[in-house]
Every structure is written in C-alpha cells, then in structure tokens.
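Here the structure is laid out as structure tokens; the discussion comes afterwards.
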Amino acid sequence: MDAAFTEEQDEIRRTLRTLLRERCGPDEIKAAVQTAPGYDEALWRRLARTLGLPGLALSAAYGGVGCGVTELALACEETGRVLLPSPLLATAVFAAPLVAALGTEAQRAELLPRIAEGALTAALAVPGRALPEALGLVGARDGAWAGGGRAGGVQARPDRDGGAGWRLYGQVEQVPGGHSAELLLVAARAGGYTRGRTLLFLVRAGADEARVGVDGLVRTRLTALDATRPQARIELRNVSAELLGVDDGGSGSGEAVAEALAAVGTAAATVLAAEAVGAADAALTRTVEYVRAREQFGRPIGSFQAVKHRLADVYVAVQAARSAAYYAAWAAAEGGGGGTHGAGGTEAAVAGGLALAQALEAQRTAAAEAVQLHGGIGFTWEHDAHLYFKRAASDELLFGPVHRLRARAAEREGLFGAADRAPYGGHEGRGGGHEGRGGSGAQNGDSPHGGPDGRDGRDGPEGPDGRDGLRKAVTT
C-alpha cells in the first residue's frame, strides 16, 4: 500500500477546500438549508462545472472525470469539514454507481452525462428505513429489508396495457435528498409471492413533482435532526416507472441488484467515513481555537491539564479514524468496485465497515467534546457546535449503529462461528442453536456450551451455572 497521495489528489483536496472556505461559512450553510431544495443550487452548479464533483468517480466515456473512490472520499472529507448541504451523497455515491452497474446502455448514455455535469440530481429510495441493510453495511444480505409477499415495502407490477412500463405502490421513509431529486431509484418487489425479487426502478420525478405532473407521486420534506442532510418521505400511488436494466424473469436479476447494492455499500462506507472524519476534524479545530482564546482564572482554559487530556483523546480518535478511512479508500480502489466476492472485495467491504464505525465514533466524540468545552455558548442555537453534534447523531442513526457495523464486518471476515451469531441470527436465543440457548442444535448434553441436557448450560460442568463455559466460548 502506498500511503502517499498523488499530486492530482492533493490538488482536488486543496482546490475544493479553498472554494468551500470562501462560499460555505456558517451563515451561508444556515441560509442554504432554508431554501426549497435544501442546498445552494448556484454553488452546486459551480462545483459540478468547475471541479466536476458529481462525475468525479464516473467513467470519462459518460462525461465523468474518470477518478475513483479515493478521490471521491477526499472530496467528501472536505465537504464534511464544512457540513456542506448538497445532493453529492445521494447522487454521486448512491444513485450514479447503480445506474452505471445495472442500467442498459441507453439508460447509461442518457442519465450519466447529465449527472456528471450537475444537470440531474438523483436519490435512492429504499423501503422500511433500511438503507444500511440494503447496502450490506449491517445485517446479512437476505433481502428482508425490501419487504416481501403481498404486503410491506414497495410493490411493482407490469403495466396492464402490455407495454414495457411498470407501476409502483407503497411508501418509503427517510430518503436522503428525495424531496428535490429529479430522478428517483426506487427498490421494489416484483413477481408476487412465489417469484418475488427485488428490482430497481427509475421514477423521473423532476425538480417539482406538481409542476411536471407525475401522477400518484407525493414527496414530503421531513423535519430532520440534521438539517444539512435533508430527507423526504416518498409516497407511490400507481406511479409509472421504468425498470433499471433488463428483467430476466427472476432467473438472476434480483441477485444482480443485491450485488450492485453491496458494491455501492462498500464504496459508500468509505466515502461516509471520510466525510465523518472531516466533520470531526473541523469540530476539534474549532474547539482548540476556542480553548486557546477563552480565559478563566487569568489563563487560557486550554492550559488546564484536564482540558488537554480530553482534547488529546479526541485528536487520537480523529487521526485513527482518518487512517482507517484512507485504508478503506485504498482497499476499495484496489478491489475495483466489483462487489464483495473474492479476497479483494471482502477486504474492501470489511475495511469500509470498520472505517465507518470508527469514524462515526470519532465524530460523535469530537462533537460532544466541542459542546462541553465551549461551555454555555456550546448549548445555544446560534452557535455552530450544535450543527456538528446533530450531524454526528444523524449519521449514526442513518448508517449505523456502530456495533452492528462491526458485527457485520466480523461476520464477513469469519471471526465467529455459527454459535456466536445469536444477536443477528439463530432461532432460539443467544447461542444461535435450534433447540436451546446454550447449544448449537445439540441435545442430551452434546453441546460444548450447554448443560448435561442441552438446555442452556446453567448447570453444566464448566462452572456453578455454566457461565464459565459460555465465557470461554465467547472468548474463543
């Protein structure tokens, strides 16, 4: 691994930081989130046309810059530093890679150049508030997040007139950027109960659904915890949609969608980790500047040993998270973004999940310490500290929680056996077995963790109530 960045990568970071420093002060950010789209449209057009930010990781054949995950992560580290409200995450990180991976040549040729030049914004709508599950960041890839059968999630059926179109029914909560996106990628179940599969559909919503007259589509901007990352509720009532890609009648299209979502999840974890690191670093920098200037008892409060220790802990956490995010970016670039199969893909997926978990923790710690060390003004609505605190809390709710990110990474790496997956698998309790909480489906004392009769090990040979045996199993 070469830890040094190229001149081009350093230039991307430097140019973007300079531009955002000029155009994205606290007052500009607060004004932008109050607009109808939730971001500064003029700034977004400038970022697209001057720096090619939406198409940074898109192929040059479709008008993109032709860079990769590393460059996109570096860019998002800078946007996270100023808490930039923009459609970058929803469009360039979630939607565009799915169009590139699953779309037909005609769909790619139509949509990707417009995304690259900033003329088209997009959003990914996943039913059931299950974005991290759909992207494979938490939980197994079993498709339960999409709903199934005759109820739950979003349902899709072919048009009755026999054409190639589809009709969508259902509701999606918490769609990042969904209220203003001109293109919606909606995950829906098709094929009924027996041949059910999850597919992605294109809904061309336009910037204002009332103006363009999309029948049956209702989009409502929600009051989100983090106003700099706006969310929406999408209601689909017999909405006309176009299938992303080609439907093969259920002989593998659902698996292709799952693979594409997992690949996007690997890259998204890296980008989100870098963005969180940028926000955490900015919160730490602001706090250090404040404790140097704020005086108490005739000296700066930053000279007090207790304050030094707290800031040192935050600094170590931020630097460790940055290292993890950079390694995840390198692993994703080396893996080629081709899914999670193979050693390279598994390494990238594990590194991305762990980097995101560590970055979310560092962001939460830095934001909390910023509020505390700013004293009374850190609790006021007018101060900037609450913006970073809300971003930290919102990110963990949207893309976490941290312990599930780590559990999924451990599962990918194969660190635990089947008997140790009880919180996320198994049928009857903590041990993941079928017949008892302490066993692995064994009975009559055959379980290595259970008691003589296989119930739950409370009277087993390893201790007075079997806890020593359970502790040894978990340690192993």
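We label chains A, B, ... in the order they appear in the structure tokens, count residues from 1 in each chain, and number ligands from 1 in the order shown.
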
Just the alpha helix (DSSP H) stuff from range 224-375 of chain A, please, per backbone DSSP, written as an mmCIF file with C-alpha atoms, in the first residue's frame.
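The new file result_37.cif reads:
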data_model
loop_
_atom_site.group_PDB
_atom_site.id
_atom_site.type_symbol
_atom_site.label_atom_id
_atom_site.label_comp_id
_atom_site.auth_asym_id
_atom_site.auth_seq_id
_atom_site.Cartn_x
_atom_site.Cartn_y
_atom_site.Cartn_z
ATOM 1 C CA SER A 253 -31.934 -10.188 -11.753
ATOM 2 C CA GLY A 254 -32.615 -9.980 -8.019
ATOM 3 C CA GLU A 255 -29.152 -11.308 -7.248
ATOM 4 C CA ALA A 256 -27.610 -8.783 -9.634
ATOM 5 C CA VAL A 257 -29.367 -5.973 -7.786
ATOM 6 C CA ALA A 258 -28.121 -7.296 -4.438
ATOM 7 C CA GLU A 259 -24.556 -7.498 -5.779
ATOM 8 C CA ALA A 260 -24.727 -3.953 -7.131
ATOM 9 C CA LEU A 261 -26.114 -2.601 -3.853
ATOM 10 C CA ALA A 262 -23.363 -4.369 -1.894
ATOM 11 C CA ALA A 263 -20.690 -2.877 -4.159
ATOM 12 C CA VAL A 264 -22.195 0.582 -3.704
ATOM 13 C CA GLY A 265 -22.298 -0.028 0.047
ATOM 14 C CA THR A 266 -18.574 -0.778 0.124
ATOM 15 C CA ALA A 267 -17.740 2.490 -1.626
ATOM 16 C CA ALA A 268 -20.354 4.436 0.345
ATOM 17 C CA ALA A 269 -18.926 3.262 3.677
ATOM 18 C CA THR A 270 -15.518 4.608 2.656
ATOM 19 C CA VAL A 271 -16.921 7.942 1.500
ATOM 20 C CA LEU A 272 -19.116 8.352 4.586
ATOM 21 C CA ALA A 273 -16.152 7.543 6.827
ATOM 22 C CA ALA A 274 -14.063 10.241 5.148
ATOM 23 C CA GLU A 275 -16.922 12.720 5.424
ATOM 24 C CA ALA A 276 -17.306 11.974 9.143
ATOM 25 C CA VAL A 277 -13.563 12.398 9.641
ATOM 26 C CA GLY A 278 -13.725 15.832 8.007
ATOM 27 C CA ALA A 279 -16.574 16.892 10.305
ATOM 28 C CA ALA A 280 -14.793 15.541 13.388
ATOM 29 C CA ASP A 281 -11.557 17.309 12.459
ATOM 30 C CA ALA A 282 -13.388 20.602 11.960
ATOM 31 C CA ALA A 283 -15.137 20.287 15.325
ATOM 32 C CA LEU A 284 -11.801 19.569 17.012
ATOM 33 C CA THR A 285 -10.106 22.517 15.285
ATOM 34 C CA ARG A 286 -12.852 24.920 16.355
ATOM 35 C CA THR A 287 -12.650 23.655 19.928
ATOM 36 C CA VAL A 288 -8.866 24.038 20.104
ATOM 37 C CA GLU A 289 -9.126 27.604 18.809
ATOM 38 C CA TYR A 290 -11.730 28.396 21.441
ATOM 39 C CA VAL A 291 -9.864 26.966 24.450
ATOM 40 C CA ARG A 292 -6.777 28.910 23.408
ATOM 41 C CA ALA A 293 -8.705 32.195 23.469
ATOM 42 C CA GLN A 305 -4.402 19.681 32.215
ATOM 43 C CA ALA A 306 -7.903 18.209 32.223
ATOM 44 C CA VAL A 307 -8.782 20.092 29.030
ATOM 45 C CA LYS A 308 -5.524 19.000 27.400
ATOM 46 C CA HIS A 309 -6.219 15.358 28.162
ATOM 47 C CA ARG A 310 -9.728 15.493 26.710
ATOM 48 C CA LEU A 311 -8.585 17.153 23.504
ATOM 49 C CA ALA A 312 -5.667 14.748 23.183
ATOM 50 C CA ASP A 313 -8.074 11.824 23.322
ATOM 51 C CA VAL A 314 -10.209 13.417 20.594
ATOM 52 C CA TYR A 315 -7.121 14.056 18.457
ATOM 53 C CA VAL A 316 -6.047 10.415 18.708
ATOM 54 C CA ALA A 317 -9.556 9.234 17.810
ATOM 55 C CA VAL A 318 -9.746 11.524 14.761
ATOM 56 C CA GLN A 319 -6.321 10.530 13.461
ATOM 57 C CA ALA A 320 -7.059 6.831 13.910
ATOM 58 C CA ALA A 321 -10.363 7.251 12.062
ATOM 59 C CA ARG A 322 -8.614 9.134 9.244
ATOM 60 C CA SER A 323 -6.080 6.337 8.843
ATOM 61 C CA ALA A 324 -8.866 3.762 8.738
ATOM 62 C CA ALA A 325 -10.804 5.794 6.153
ATOM 63 C CA TYR A 326 -7.748 6.189 3.912
ATOM 64 C CA TYR A 327 -7.004 2.484 4.114
ATOM 65 C CA ALA A 328 -10.610 1.686 3.241
ATOM 66 C CA ALA A 329 -10.357 4.004 0.230
ATOM 67 C CA TRP A 330 -7.195 2.244 -0.904
ATOM 68 C CA ALA A 331 -8.796 -1.176 -0.436
ATOM 69 C CA ALA A 332 -11.900 -0.127 -2.386
ATOM 70 C CA ALA A 333 -9.745 1.236 -5.217
ATOM 71 C CA GLU A 334 -7.674 -1.947 -5.317
ATOM 72 C CA GLY A 335 -10.809 -4.090 -5.234
ATOM 73 C CA GLY A 342 -13.117 -12.631 -3.772
ATOM 74 C CA ALA A 343 -10.364 -11.715 -1.335
ATOM 75 C CA GLY A 344 -10.042 -8.148 -2.581
ATOM 76 C CA GLY A 345 -13.771 -7.476 -2.412
ATOM 77 C CA THR A 346 -14.068 -8.946 1.085
ATOM 78 C CA GLU A 347 -11.115 -6.911 2.319
ATOM 79 C CA ALA A 348 -12.642 -3.719 0.922
ATOM 80 C CA ALA A 349 -16.043 -4.470 2.461
ATOM 81 C CA VAL A 350 -14.568 -5.254 5.878
ATOM 82 C CA ALA A 351 -12.266 -2.215 5.794
ATOM 83 C CA GLY A 352 -15.128 0.063 4.752
ATOM 84 C CA GLY A 353 -17.451 -1.118 7.517
ATOM 85 C CA LEU A 354 -14.802 -0.834 10.213
ATOM 86 C CA ALA A 355 -13.655 2.571 8.954
ATOM 87 C CA LEU A 356 -17.218 3.869 9.029
ATOM 88 C CA ALA A 357 -17.747 2.558 12.561
ATOM 89 C CA GLN A 358 -14.531 4.169 13.793
ATOM 90 C CA ALA A 359 -15.261 7.454 12.012
ATOM 91 C CA LEU A 360 -18.777 7.673 13.437
ATOM 92 C CA GLU A 361 -17.393 7.148 16.930
ATOM 93 C CA ALA A 362 -14.710 9.800 16.416
ATOM 94 C CA GLN A 363 -17.278 12.239 15.033
ATOM 95 C CA ARG A 364 -19.596 11.675 17.982
ATOM 96 C CA THR A 365 -16.742 12.131 20.476
ATOM 97 C CA ALA A 366 -15.411 15.279 18.806
ATOM 98 C CA ALA A 367 -18.875 16.848 18.587
ATOM 99 C CA ALA A 368 -19.730 16.042 22.199
ATOM 100 C CA GLU A 369 -16.440 17.456 23.488
ATOM 101 C CA ALA A 370 -16.932 20.557 21.348
ATOM 102 C CA VAL A 371 -20.270 21.242 23.017
ATOM 103 C CA GLN A 372 -18.847 20.631 26.501
ATOM 104 C CA LEU A 373 -15.626 22.604 26.144
#

For range 232-236 of chain A, work out the shell of residues within 8 Å, counting only C-alpha atoms and skipping chain neighbours fewer than 6 positions away, then give it as JSON, numbers by chain.
{"A": [125, 168, 169, 170, 171, 172, 173, 174, 175, 176, 177, 178, 179, 216, 217, 218, 219, 220, 221, 222]}

Quick one: everything within 8 Å of Val186 in chain A, counting only C-alpha atoms, minus sequence neighbours fewer than 5 positions away in the same chain. Send it as a VMD selection string.
chain A and resid 124 to 126 200 to 203

Near Thr121 in chain A, counting only C-alpha atoms, which residues have an atom at most 7 Å away, once you skip same-chain residues fewer than 6 positions from it, shown as a ChimeraX atom specification?
/A:87,91,115,181-183

Just list as number ranges by chain whatever in range 70-221 of chain A DSSP marks as strand (DSSP E).
A: 122-125, 154-158, 166-176, 183-190, 197-204, 217-221

Between A:Arg406, A:Lys30, A:His383, A:Arg23, which residue has the minimum interatomic distance to Arg46 in chain A, considering only C-alpha atoms?
A:Arg23

Please report as CSV every residue of range 35-73 of chain A lying within 9 Å of range 7-17 of chain A, along with the nearest atom pair and their distance in Å (one decimal), using only C-alpha atoms.
residue,atom,partner,partner_atom,distance
A:Leu47,CA,A:Leu16,CA,8.4
A:Leu51,CA,A:Leu16,CA,7.9
A:Thr70,CA,A:Gln9,CA,8.3
A:Glu71,CA,A:Gln9,CA,6.2

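For the residues A:Leu19, A:Leu397, A:Leu225, A:Ala123, ranking by smallest atom-to-atom distance to Ala90 in chain A using only C-alpha atoms places A:Ala123 first.
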